[in-house]
Every structure is written in structure tokens, then in C-alpha cells.
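Structure data (mmCIF, C-alpha atoms) from upload02.cif:
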```
data_model
#
loop_
_atom_site.group_PDB
_atom_site.id
_atom_site.type_symbol
_atom_site.label_atom_id
_atom_site.label_comp_id
_atom_site.auth_asym_id
_atom_site.auth_seq_id
_atom_site.Cartn_x
_atom_site.Cartn_y
_atom_site.Cartn_z
ATOM 1 C CA MET A 1 49.503 -42.170 48.171
ATOM 2 C CA LEU A 2 52.949 -42.414 46.595
ATOM 3 C CA LEU A 3 51.838 -40.205 43.701
ATOM 4 C CA ASN A 4 51.187 -37.319 46.084
ATOM 5 C CA LYS A 5 54.713 -37.771 47.439
ATOM 6 C CA ILE A 6 56.134 -37.517 43.906
ATOM 7 C CA ILE A 7 54.091 -34.359 43.263
ATOM 8 C CA LEU A 8 55.523 -32.713 46.362
ATOM 9 C CA GLU A 9 59.104 -33.919 45.908
ATOM 10 C CA LYS A 10 59.314 -32.888 42.238
ATOM 11 C CA ASN A 11 57.133 -29.779 42.658
ATOM 12 C CA THR A 12 55.036 -30.623 39.618
ATOM 13 C CA ARG A 13 51.455 -31.410 38.648
ATOM 14 C CA LEU A 14 52.317 -32.271 35.070
ATOM 15 C CA CYS A 15 51.325 -35.459 33.249
ATOM 16 C CA PHE A 16 53.104 -35.794 29.913
ATOM 17 C CA SER A 17 51.011 -37.359 27.164
ATOM 18 C CA ALA A 18 53.635 -39.250 25.172
ATOM 19 C CA ASP A 19 51.671 -39.954 22.000
ATOM 20 C CA PHE A 20 54.597 -41.199 19.920
ATOM 21 C CA THR A 21 54.673 -44.029 17.406
ATOM 22 C CA THR A 22 58.307 -45.144 17.757
ATOM 23 C CA GLN A 23 60.363 -46.172 20.766
ATOM 24 C CA LYS A 24 63.197 -43.889 19.701
ATOM 25 C CA GLU A 25 61.028 -40.790 19.835
ATOM 26 C CA LEU A 26 59.243 -41.888 22.989
ATOM 27 C CA PHE A 27 62.400 -42.489 25.001
ATOM 28 C CA LYS A 28 64.067 -39.355 23.632
ATOM 29 C CA TRP A 29 61.211 -37.279 25.031
ATOM 30 C CA ILE A 30 61.122 -39.155 28.320
ATOM 31 C CA ASP A 31 64.753 -38.117 28.842
ATOM 32 C CA ILE A 32 63.809 -34.490 28.113
ATOM 33 C CA ILE A 33 60.632 -34.285 30.150
ATOM 34 C CA GLY A 34 61.149 -36.986 32.779
ATOM 35 C CA PRO A 35 62.628 -34.755 35.521
ATOM 36 C CA HIS A 36 59.618 -32.421 35.311
ATOM 37 C CA ILE A 37 56.619 -34.761 35.467
ATOM 38 C CA CYS A 38 54.718 -36.787 38.038
ATOM 39 C CA ILE A 39 53.003 -39.032 35.454
ATOM 40 C CA LEU A 40 53.942 -40.328 32.019
ATOM 41 C CA LYS A 41 50.838 -41.125 29.938
ATOM 42 C CA THR A 42 51.208 -43.679 27.154
ATOM 43 C CA HIS A 43 49.059 -45.047 24.334
ATOM 44 C CA ILE A 44 50.846 -48.368 23.937
ATOM 45 C CA ASP A 45 48.737 -49.553 21.005
ATOM 46 C CA ILE A 46 49.998 -46.764 18.714
ATOM 47 C CA LEU A 47 53.640 -47.789 19.186
ATOM 48 C CA GLU A 48 54.619 -49.271 15.824
ATOM 49 C CA ASP A 49 57.824 -50.982 16.965
ATOM 50 C CA PHE A 50 56.735 -52.404 20.325
ATOM 51 C CA ASP A 51 58.749 -55.435 21.443
ATOM 52 C CA ASP A 52 59.650 -57.196 24.676
ATOM 53 C CA SER A 53 62.479 -54.727 25.356
ATOM 54 C CA PHE A 54 59.965 -51.907 25.829
ATOM 55 C CA ILE A 55 58.822 -53.066 29.256
ATOM 56 C CA LYS A 56 62.346 -53.228 30.665
ATOM 57 C CA LYS A 57 63.252 -49.811 29.238
ATOM 58 C CA ILE A 58 60.102 -48.007 30.397
ATOM 59 C CA LEU A 59 60.528 -49.339 33.929
ATOM 60 C CA GLU A 60 64.158 -48.193 33.955
ATOM 61 C CA LYS A 61 63.048 -44.672 32.962
ATOM 62 C CA LYS A 62 60.383 -44.705 35.655
ATOM 63 C CA GLU A 63 62.993 -45.600 38.258
ATOM 64 C CA LYS A 64 65.469 -43.012 36.977
ATOM 65 C CA TYR A 65 63.075 -40.061 36.836
ATOM 66 C CA ASN A 66 60.574 -41.022 39.561
ATOM 67 C CA PHE A 67 57.179 -40.833 37.872
ATOM 68 C CA PHE A 68 54.068 -42.982 37.593
ATOM 69 C CA ILE A 69 53.108 -44.606 34.293
ATOM 70 C CA LEU A 70 49.533 -44.149 33.115
ATOM 71 C CA GLU A 71 48.419 -46.332 30.212
ATOM 72 C CA ASP A 72 45.523 -44.452 28.631
ATOM 73 C CA ARG A 73 43.897 -47.566 27.197
ATOM 74 C CA LYS A 74 40.341 -46.446 28.103
ATOM 75 C CA PHE A 75 39.184 -50.006 28.681
ATOM 76 C CA ALA A 76 35.489 -50.612 27.993
ATOM 77 C CA ASP A 77 34.381 -54.229 27.890
ATOM 78 C CA ILE A 78 33.060 -57.144 29.908
ATOM 79 C CA GLY A 79 35.200 -58.334 32.787
ATOM 80 C CA LYS A 80 36.790 -61.442 31.289
ATOM 81 C CA THR A 81 37.790 -59.584 28.109
ATOM 82 C CA PHE A 82 39.096 -56.687 30.189
ATOM 83 C CA GLU A 83 41.236 -59.097 32.204
ATOM 84 C CA LYS A 84 42.847 -60.482 29.040
ATOM 85 C CA GLN A 85 43.504 -56.982 27.686
ATOM 86 C CA LEU A 86 45.051 -55.844 30.972
ATOM 87 C CA PHE A 87 47.202 -58.861 31.859
ATOM 88 C CA GLY A 88 47.738 -60.643 28.551
ATOM 89 C CA GLY A 89 48.292 -60.040 24.871
ATOM 90 C CA ILE A 90 51.608 -58.707 23.638
ATOM 91 C CA TYR A 91 51.525 -55.579 25.829
ATOM 92 C CA LYS A 92 51.016 -57.104 29.308
ATOM 93 C CA ILE A 93 49.912 -53.688 30.542
ATOM 94 C CA ALA A 94 49.507 -54.632 34.188
ATOM 95 C CA SER A 95 53.199 -55.586 34.399
ATOM 96 C CA TRP A 96 54.396 -52.003 33.852
ATOM 97 C CA ALA A 97 51.504 -49.524 34.208
ATOM 98 C CA ASP A 98 50.817 -48.007 37.631
ATOM 99 C CA ILE A 99 47.499 -46.515 36.512
ATOM 100 C CA ILE A 100 45.010 -47.263 33.750
ATOM 101 C CA THR A 101 41.970 -45.448 32.377
ATOM 102 C CA ILE A 102 38.568 -47.056 31.943
ATOM 103 C CA HIS A 103 35.353 -45.648 30.489
ATOM 104 C CA GLY A 104 32.614 -44.948 32.989
ATOM 105 C CA ILE A 105 29.887 -46.531 30.889
ATOM 106 C CA CYS A 106 30.895 -50.066 31.912
ATOM 107 C CA SER A 107 33.197 -49.311 34.835
ATOM 108 C CA GLU A 108 30.952 -50.963 37.438
ATOM 109 C CA GLY A 109 31.338 -54.382 35.845
ATOM 110 C CA MET A 110 35.064 -54.047 35.206
ATOM 111 C CA LEU A 111 35.849 -52.823 38.713
ATOM 112 C CA SER A 112 33.726 -55.560 40.261
ATOM 113 C CA TYR A 113 35.639 -58.103 38.175
ATOM 114 C CA LEU A 114 39.006 -56.682 39.279
ATOM 115 C CA THR A 115 38.123 -56.965 42.952
ATOM 116 C CA LYS A 116 37.590 -60.713 42.524
ATOM 117 C CA LEU A 117 40.989 -61.353 40.965
ATOM 118 C CA ASN A 118 43.741 -62.834 43.100
ATOM 119 C CA ASN A 119 46.456 -60.718 41.527
ATOM 120 C CA THR A 120 48.857 -58.301 43.204
ATOM 121 C CA LYS A 121 49.743 -56.511 39.952
ATOM 122 C CA ILE A 122 46.453 -54.647 39.511
ATOM 123 C CA PRO A 123 47.037 -51.002 38.535
ATOM 124 C CA LYS A 124 45.072 -48.153 40.069
ATOM 125 C CA VAL A 125 42.198 -46.757 38.004
ATOM 126 C CA LEU A 126 41.064 -43.418 36.599
ATOM 127 C CA ILE A 127 37.482 -43.306 35.317
ATOM 128 C CA VAL A 128 36.912 -41.239 32.163
ATOM 129 C CA SER A 129 33.999 -39.157 33.424
ATOM 130 C CA GLN A 130 34.336 -36.124 31.139
ATOM 131 C CA MET A 131 36.159 -35.589 27.844
ATOM 132 C CA SER A 132 37.743 -32.692 25.947
ATOM 133 C CA SER A 133 36.719 -34.051 22.559
ATOM 134 C CA ILE A 134 34.276 -31.934 20.578
ATOM 135 C CA GLY A 135 30.768 -33.388 20.329
ATOM 136 C CA ASN A 136 31.109 -36.018 23.060
ATOM 137 C CA ILE A 137 27.763 -37.039 24.578
ATOM 138 C CA ILE A 138 28.747 -37.187 28.252
ATOM 139 C CA ASP A 139 26.323 -35.234 30.439
ATOM 140 C CA THR A 140 26.159 -34.253 34.110
ATOM 141 C CA MET A 141 24.268 -37.384 35.149
ATOM 142 C CA TYR A 142 26.878 -39.607 33.484
ATOM 143 C CA SER A 143 29.679 -37.892 35.438
ATOM 144 C CA GLU A 144 27.734 -38.176 38.691
ATOM 145 C CA ASN A 145 27.241 -41.901 38.113
ATOM 146 C CA CYS A 146 30.999 -42.266 37.549
ATOM 147 C CA TYR A 147 31.524 -40.670 40.949
ATOM 148 C CA LYS A 148 29.074 -43.029 42.645
ATOM 149 C CA ILE A 149 30.884 -46.021 41.156
ATOM 150 C CA ALA A 150 34.275 -44.621 42.190
ATOM 151 C CA LYS A 151 33.144 -44.269 45.795
ATOM 152 C CA LYS A 152 32.003 -47.895 45.789
ATOM 153 C CA TYR A 153 35.413 -49.060 44.516
ATOM 154 C CA ASN A 154 37.677 -46.473 46.119
ATOM 155 C CA ASN A 155 40.253 -49.153 46.889
ATOM 156 C CA LEU A 156 40.976 -49.216 43.127
ATOM 157 C CA VAL A 157 39.843 -45.830 41.801
ATOM 158 C CA ILE A 158 42.143 -42.894 42.534
ATOM 159 C CA GLY A 159 40.389 -40.280 40.420
ATOM 160 C CA PHE A 160 38.901 -39.154 37.149
ATOM 161 C CA ILE A 161 39.760 -37.876 33.715
ATOM 162 C CA ALA A 162 37.643 -34.739 33.749
ATOM 163 C CA GLN A 163 37.434 -31.118 32.666
ATOM 164 C CA ASN A 164 36.568 -29.838 36.136
ATOM 165 C CA ASN A 165 36.241 -30.990 39.724
ATOM 166 C CA PHE A 166 32.646 -32.114 39.324
ATOM 167 C CA CYS A 167 32.613 -34.219 42.517
ATOM 168 C CA ASN A 168 34.454 -31.942 44.976
ATOM 169 C CA ASP A 169 35.841 -34.946 46.845
ATOM 170 C CA LYS A 170 39.460 -34.678 47.946
ATOM 171 C CA GLN A 171 39.979 -38.427 48.056
ATOM 172 C CA PHE A 172 39.927 -38.439 44.241
ATOM 173 C CA LEU A 173 42.327 -36.741 41.811
ATOM 174 C CA ILE A 174 41.139 -34.791 38.777
ATOM 175 C CA LEU A 175 43.374 -35.143 35.694
ATOM 176 C CA THR A 176 42.523 -32.746 32.874
ATOM 177 C CA PRO A 177 43.487 -33.279 29.207
ATOM 178 C CA GLY A 178 43.408 -30.762 26.368
ATOM 179 C CA ILE A 179 45.802 -28.247 27.949
ATOM 180 C CA ASN A 180 47.652 -25.548 26.006
ATOM 181 C CA ILE A 181 49.155 -22.192 26.898
ATOM 182 C CA ASN A 182 46.559 -20.600 24.635
ATOM 183 C CA SER A 183 42.983 -21.887 24.763
ATOM 184 C CA LYS A 184 41.675 -22.787 21.319
ATOM 185 C CA ASN A 185 39.836 -25.420 19.332
ATOM 186 C CA GLU A 186 41.900 -27.713 17.127
ATOM 187 C CA LYS A 187 40.366 -30.421 14.953
ATOM 188 C CA ASP A 188 38.320 -32.475 17.408
ATOM 189 C CA GLN A 189 39.522 -31.135 20.758
ATOM 190 C CA ASN A 190 38.764 -28.136 22.943
ATOM 191 C CA TYR A 191 41.961 -26.750 24.458
ATOM 192 C CA ARG A 192 42.078 -24.900 27.775
ATOM 193 C CA THR A 193 44.825 -22.925 29.483
ATOM 194 C CA PRO A 194 46.615 -24.270 32.563
ATOM 195 C CA ARG A 195 45.076 -21.463 34.637
ATOM 196 C CA ASP A 196 41.561 -22.338 33.449
ATOM 197 C CA ALA A 197 42.067 -25.977 34.392
ATOM 198 C CA ILE A 198 43.534 -25.221 37.821
ATOM 199 C CA ASN A 199 40.730 -22.741 38.539
ATOM 200 C CA SER A 200 38.224 -25.472 37.608
ATOM 201 C CA GLY A 201 39.677 -27.753 40.252
ATOM 202 C CA SER A 202 42.138 -29.859 38.259
ATOM 203 C CA ASP A 203 44.882 -31.536 40.277
ATOM 204 C CA ILE A 204 47.068 -32.690 37.380
ATOM 205 C CA LEU A 205 47.415 -31.222 33.885
ATOM 206 C CA ILE A 206 47.750 -33.603 30.933
ATOM 207 C CA VAL A 207 49.896 -31.984 28.250
ATOM 208 C CA GLY A 208 51.324 -33.543 25.102
ATOM 209 C CA SER A 209 51.735 -31.923 21.702
ATOM 210 C CA ALA A 210 51.538 -28.465 23.280
ATOM 211 C CA ILE A 211 55.035 -29.259 24.601
ATOM 212 C CA TYR A 212 56.671 -31.469 21.984
ATOM 213 C CA LYS A 213 55.467 -29.413 19.019
ATOM 214 C CA ASN A 214 56.898 -26.299 20.651
ATOM 215 C CA ASN A 215 60.034 -25.465 22.603
ATOM 216 C CA PRO A 216 60.361 -28.144 25.314
ATOM 217 C CA ASN A 217 61.421 -25.420 27.756
ATOM 218 C CA CYS A 218 57.763 -24.377 27.866
ATOM 219 C CA VAL A 219 57.264 -27.306 30.259
ATOM 220 C CA PHE A 220 57.928 -24.858 33.071
ATOM 221 C CA ASN A 221 54.730 -23.010 32.183
ATOM 222 C CA TYR A 222 52.780 -26.118 33.201
ATOM 223 C CA LYS A 223 54.486 -26.873 36.518
ATOM 224 C CA ILE A 224 51.788 -25.316 38.635
ATOM 225 C CA LEU A 225 51.132 -26.147 42.292
#
```
Encoding of this model in C-alpha cells:
Amino acid sequence: MLLNKIILEKNTRLCFSADFTTQKELFKWIDIIGPHICILKTHIDILEDFDDSFIKKILEKKEKYNFFILEDRKFADIGKTFEKQLFGGIYKIASWADIITIHGICSEGMLSYLTKLNNTKIPKVLIVSQMSSIGNIIDTMYSENCYKIAKKYNNLVIGFIAQNNFCNDKQFLILTPGININSKNEKDQNYRTPRDAINSGSDILIVGSAIYKNNPNCVFNYKIL
């Protein structure tokens, strides 16, 4: 997988969660953090000044800094609606995202629908099988069912958003959100330290405000192999 090559070449397991609301701030931080990450994670629907120029600019940054783009849309709908959200609308996510997230609860139907599409621009998929949000109702059986679905569609699914390596299957990556140098609870999220996540089997650490609300040099604390 090309992503594994990027991880090795750049010596990083860091995914930067770029939760910004303006293009100016987003691209400023990509220039700061781009050399140090293997994945850039976006939430395109919070960008207040999105326009057609965004796609060209984000792809130029990807080429310059050599990272994958993960659109954390967390799709959760029937197949035909999912197709319109992924390929159409104003965002045209499939034209620039390498990876997307989908919720496990309806992932079987969405993945089945994707396999029937005659389209070469289908991004790879991460299934949200665990969450860091306080009070979420995901249980062990839910996560196990996500794994069963991923195995069935392993031509599309490359891994999971999860708090630990619940499946112990090396063909799938574990990406863990809610990472901070100091573990703590903040508002609606449980934070964990990079060491805790790595010890729990995480392959890639998803870090956002813990970097951009602090000194950006702290990125080096997250570049763990």
C-alpha cells in the first residue's frame, strides 16, 4: 500500500486533523505540518469559504508534501444517497480524497453499493468501529461486526477508526483519534496519550487541536514509529 511507503519514507505515523473553517487557516497549517504527516484529515463541510479553487489547491499540497487526504465525512446512508454525497454536490469528495470514513452501522450496504459502481475514483475506506466521544453507545459486538464487514470488502476497506486494535489483523490499519500529550477529558471527548494509543495497537495517531492550539513544534512528540 502506498500509505505504508509514505509512513516509512517520512518516518511518521501522524494524521493531522485539520478542523479549520477557512481556507487561509487550513492551508497555513498544511504548510507548517505537511512535511511531518502521512495523512491530512479534513472536515470539508465545516469550511465556510469552500469554492472550486479548493480542490486544485489541496491536491497541489498533497503532491508537494506527500501525504494522503482523509475526508472524515462519516457517511451513513443508503447506497444511492451515499453515491451522490461522495461523487456529487459542491464538494465532489471522490475527486480529491484518497480515504473516507463511514459508520459501521450501515457500512455493509454502502460498501456493497460501491463495489457495483463502474468508477475508478473510489477512495479507500475506514470504518468507524469505535469512538473517543463520551457516552457513545458502541459496544464490543458492534466493533466485531465492523471487522466482519471489513473482511468481506477488504478490497475497499483499509482499516478502522478505533481506540485500540480490537481485531488484531495486520491487513487493517488502526487510526486513533483523541490524542494529546496529556490524557484528560475535555467537553465531550476522552483524550489519550500517544504512548497509550501505541500500546493499545494503534498504527496512526490522529491529532488536531493538541498541536494547533499549542506550539506547532510539539508535532515531533507524535512522530512515533
**Item:** Between atom CA of Leu47 of chain A and atom CA of Ser95 of chain A, distance in Å (one decimal)
**Value:** 17.1 Å
**Item:** Output check: residues returned by the PyMOL selection byres ((chain A and resi 58) around 10), as a ChimeraX atom specification
**Value:** /A:23,26-27,30,40,53-57,59-64,69,96-97
**Asked** What do you get, as number ranges by chain, if you spell out every residue that the PyMOL selection byres ((chain A and resi 197) around 10) selects here?
**Response** A: 162-165, 174-179, 191-196, 198-205
**Item:** Best match for closeness to Tyr153 of chain A among A:Thr12, A:Ser112, A:Asn4, A:Thr22, counting all atoms listed in the file
**Value:** A:Ser112
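Taking atom CA of Asn180 of chain A and atom CA of Ile211 of chain A as the two end points, the separation is 8.4 Å.
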**Message:** Translate the PyMOL selection byres ((chain A and resi 147) around 12) into a concrete residue list for this structure, as a VMD selection string.
**Reply:** chain A and resid 104 to 105 107 to 108 126 to 130 140 to 146 148 to 154 157 to 162 165 to 169 171 to 174
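Put simply, atom CA of Asp139 of chain A is 29.4 Å away from atom CA of Ile122 of chain A.
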Long-range neighbours of Asp77 of chain A as an mmCIF file with C-alpha atoms, in the frame of the given file, 12 Å cut-off, all atoms listed in the file, 2 positions minimum in chain:
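Dumped everything to selection_14.cif:
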```cif
data_model
loop_
_atom_site.group_PDB
_atom_site.id
_atom_site.type_symbol
_atom_site.label_atom_id
_atom_site.label_comp_id
_atom_site.auth_asym_id
_atom_site.auth_seq_id
_atom_site.Cartn_x
_atom_site.Cartn_y
_atom_site.Cartn_z
ATOM 1 C CA ARG A 73 43.897 -47.566 27.197
ATOM 2 C CA LYS A 74 40.341 -46.446 28.103
ATOM 3 C CA PHE A 75 39.184 -50.006 28.681
ATOM 4 C CA GLY A 79 35.200 -58.334 32.787
ATOM 5 C CA LYS A 80 36.790 -61.442 31.289
ATOM 6 C CA THR A 81 37.790 -59.584 28.109
ATOM 7 C CA PHE A 82 39.096 -56.687 30.189
ATOM 8 C CA GLU A 83 41.236 -59.097 32.204
ATOM 9 C CA LYS A 84 42.847 -60.482 29.040
ATOM 10 C CA GLN A 85 43.504 -56.982 27.686
ATOM 11 C CA LEU A 86 45.051 -55.844 30.972
ATOM 12 C CA ILE A 102 38.568 -47.056 31.943
ATOM 13 C CA HIS A 103 35.353 -45.648 30.489
ATOM 14 C CA GLY A 104 32.614 -44.948 32.989
ATOM 15 C CA ILE A 105 29.887 -46.531 30.889
ATOM 16 C CA CYS A 106 30.895 -50.066 31.912
ATOM 17 C CA SER A 107 33.197 -49.311 34.835
ATOM 18 C CA GLU A 108 30.952 -50.963 37.438
ATOM 19 C CA GLY A 109 31.338 -54.382 35.845
ATOM 20 C CA MET A 110 35.064 -54.047 35.206
ATOM 21 C CA LEU A 111 35.849 -52.823 38.713
ATOM 22 C CA TYR A 113 35.639 -58.103 38.175
#
```
**Request:** With a distance cut-off of 9 Å and all atoms listed in the file, select the neighbouring residues of Phe68 of chain A, excluding the residue or stretch itself and same-chain residues fewer than 6 positions from it, and output the selection as number ranges by chain.
**Result:** A: 3, 6, 37-41, 62, 97-99
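For the choices A:Gly89, A:Asn155, A:Ile206, A:Asp31, the atom-to-atom distance to Asp52 of chain A is smallest for A:Gly89 when using only C-alpha atoms.
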**Request:** For each of A:Lys24, A:Glu71, A:Gly34, A:Asn66, take the minimum atom-to-atom distance to Lys5 of chain A, counting all atoms listed in the file, then give the residue where this is smallest.
**Result:** A:Asn66
Missing atoms in segment 118-153 of chain A: can you complete it with N, CA and C atoms, as a short mmCIF file (atom, residue, chain, number, x, y, z; two decimals), in the coordinates of the input?
```
data_model
loop_
_atom_site.label_atom_id
_atom_site.label_comp_id
_atom_site.auth_asym_id
_atom_site.auth_seq_id
_atom_site.Cartn_x
_atom_site.Cartn_y
_atom_site.Cartn_z
N ASN A 118 42.67 -62.61 42.13
CA ASN A 118 43.74 -62.83 43.10
C ASN A 118 45.06 -62.48 42.43
N ASN A 119 45.27 -61.18 42.25
CA ASN A 119 46.46 -60.72 41.53
C ASN A 119 46.99 -59.45 42.19
N THR A 120 48.26 -59.45 42.51
CA THR A 120 48.86 -58.30 43.20
C THR A 120 49.34 -57.21 42.25
N LYS A 121 49.23 -57.46 40.94
CA LYS A 121 49.74 -56.51 39.95
C LYS A 121 48.62 -55.67 39.31
N ILE A 122 47.57 -55.41 40.05
CA ILE A 122 46.45 -54.65 39.51
C ILE A 122 46.77 -53.15 39.60
N PRO A 123 46.79 -52.44 38.49
CA PRO A 123 47.04 -51.00 38.53
C PRO A 123 45.87 -50.26 39.17
N LYS A 124 46.14 -49.04 39.62
CA LYS A 124 45.07 -48.15 40.07
C LYS A 124 44.30 -47.64 38.84
N VAL A 125 43.12 -47.07 39.09
CA VAL A 125 42.20 -46.76 38.00
C VAL A 125 41.77 -45.29 38.02
N LEU A 126 41.71 -44.71 36.82
CA LEU A 126 41.06 -43.42 36.60
C LEU A 126 39.84 -43.67 35.71
N ILE A 127 38.69 -43.16 36.13
CA ILE A 127 37.48 -43.31 35.32
C ILE A 127 37.34 -42.08 34.41
N VAL A 128 37.15 -42.34 33.11
CA VAL A 128 36.91 -41.24 32.16
C VAL A 128 35.48 -40.78 32.37
N SER A 129 35.32 -39.64 33.07
CA SER A 129 34.00 -39.16 33.42
C SER A 129 33.60 -37.91 32.66
N GLN A 130 34.56 -37.25 32.04
CA GLN A 130 34.34 -36.12 31.14
C GLN A 130 35.42 -36.18 30.07
N MET A 131 35.17 -35.57 28.92
CA MET A 131 36.16 -35.59 27.84
C MET A 131 36.30 -34.21 27.21
N SER A 132 37.48 -33.97 26.62
CA SER A 132 37.74 -32.69 25.95
C SER A 132 37.39 -32.74 24.47
N SER A 133 37.01 -33.92 23.99
CA SER A 133 36.72 -34.05 22.56
C SER A 133 35.42 -33.34 22.20
N ILE A 134 35.44 -32.68 21.05
CA ILE A 134 34.28 -31.93 20.58
C ILE A 134 33.15 -32.91 20.23
N GLY A 135 31.93 -32.59 20.68
CA GLY A 135 30.77 -33.39 20.33
C GLY A 135 30.56 -34.64 21.16
N ASN A 136 31.34 -34.83 22.23
CA ASN A 136 31.11 -36.02 23.06
C ASN A 136 29.74 -35.90 23.76
N ILE A 137 29.14 -37.03 24.08
CA ILE A 137 27.76 -37.04 24.58
C ILE A 137 27.66 -37.27 26.09
N ILE A 138 28.77 -37.07 26.79
CA ILE A 138 28.75 -37.19 28.25
C ILE A 138 27.98 -36.01 28.84
N ASP A 139 27.07 -36.31 29.77
CA ASP A 139 26.32 -35.23 30.44
C ASP A 139 26.58 -35.28 31.94
N THR A 140 25.94 -34.37 32.67
CA THR A 140 26.16 -34.25 34.11
C THR A 140 25.80 -35.53 34.85
N MET A 141 24.69 -36.16 34.48
CA MET A 141 24.27 -37.38 35.15
C MET A 141 25.29 -38.50 34.96
N TYR A 142 25.85 -38.60 33.76
CA TYR A 142 26.88 -39.61 33.48
C TYR A 142 28.06 -39.41 34.44
N SER A 143 28.54 -38.18 34.56
CA SER A 143 29.68 -37.89 35.44
C SER A 143 29.34 -38.23 36.89
N GLU A 144 28.14 -37.88 37.32
CA GLU A 144 27.73 -38.18 38.69
C GLU A 144 27.69 -39.68 38.94
N ASN A 145 27.26 -40.44 37.96
CA ASN A 145 27.24 -41.90 38.11
C ASN A 145 28.65 -42.47 38.20
N CYS A 146 29.59 -41.86 37.44
CA CYS A 146 31.00 -42.27 37.55
C CYS A 146 31.50 -42.07 38.97
N TYR A 147 31.10 -40.96 39.58
CA TYR A 147 31.52 -40.67 40.95
C TYR A 147 30.95 -41.69 41.93
N LYS A 148 29.70 -42.04 41.76
CA LYS A 148 29.07 -43.03 42.64
C LYS A 148 29.80 -44.37 42.56
N ILE A 149 30.16 -44.76 41.35
CA ILE A 149 30.88 -46.02 41.16
C ILE A 149 32.28 -45.94 41.78
N ALA A 150 32.94 -44.80 41.61
CA ALA A 150 34.28 -44.62 42.19
C ALA A 150 34.25 -44.74 43.70
N LYS A 151 33.25 -44.18 44.33
CA LYS A 151 33.14 -44.27 45.80
C LYS A 151 32.97 -45.73 46.24
N LYS A 152 32.24 -46.49 45.46
CA LYS A 152 32.00 -47.90 45.79
C LYS A 152 33.29 -48.72 45.69
N TYR A 153 34.17 -48.31 44.75
CA TYR A 153 35.41 -49.06 44.52
C TYR A 153 36.64 -48.17 44.77
#
```
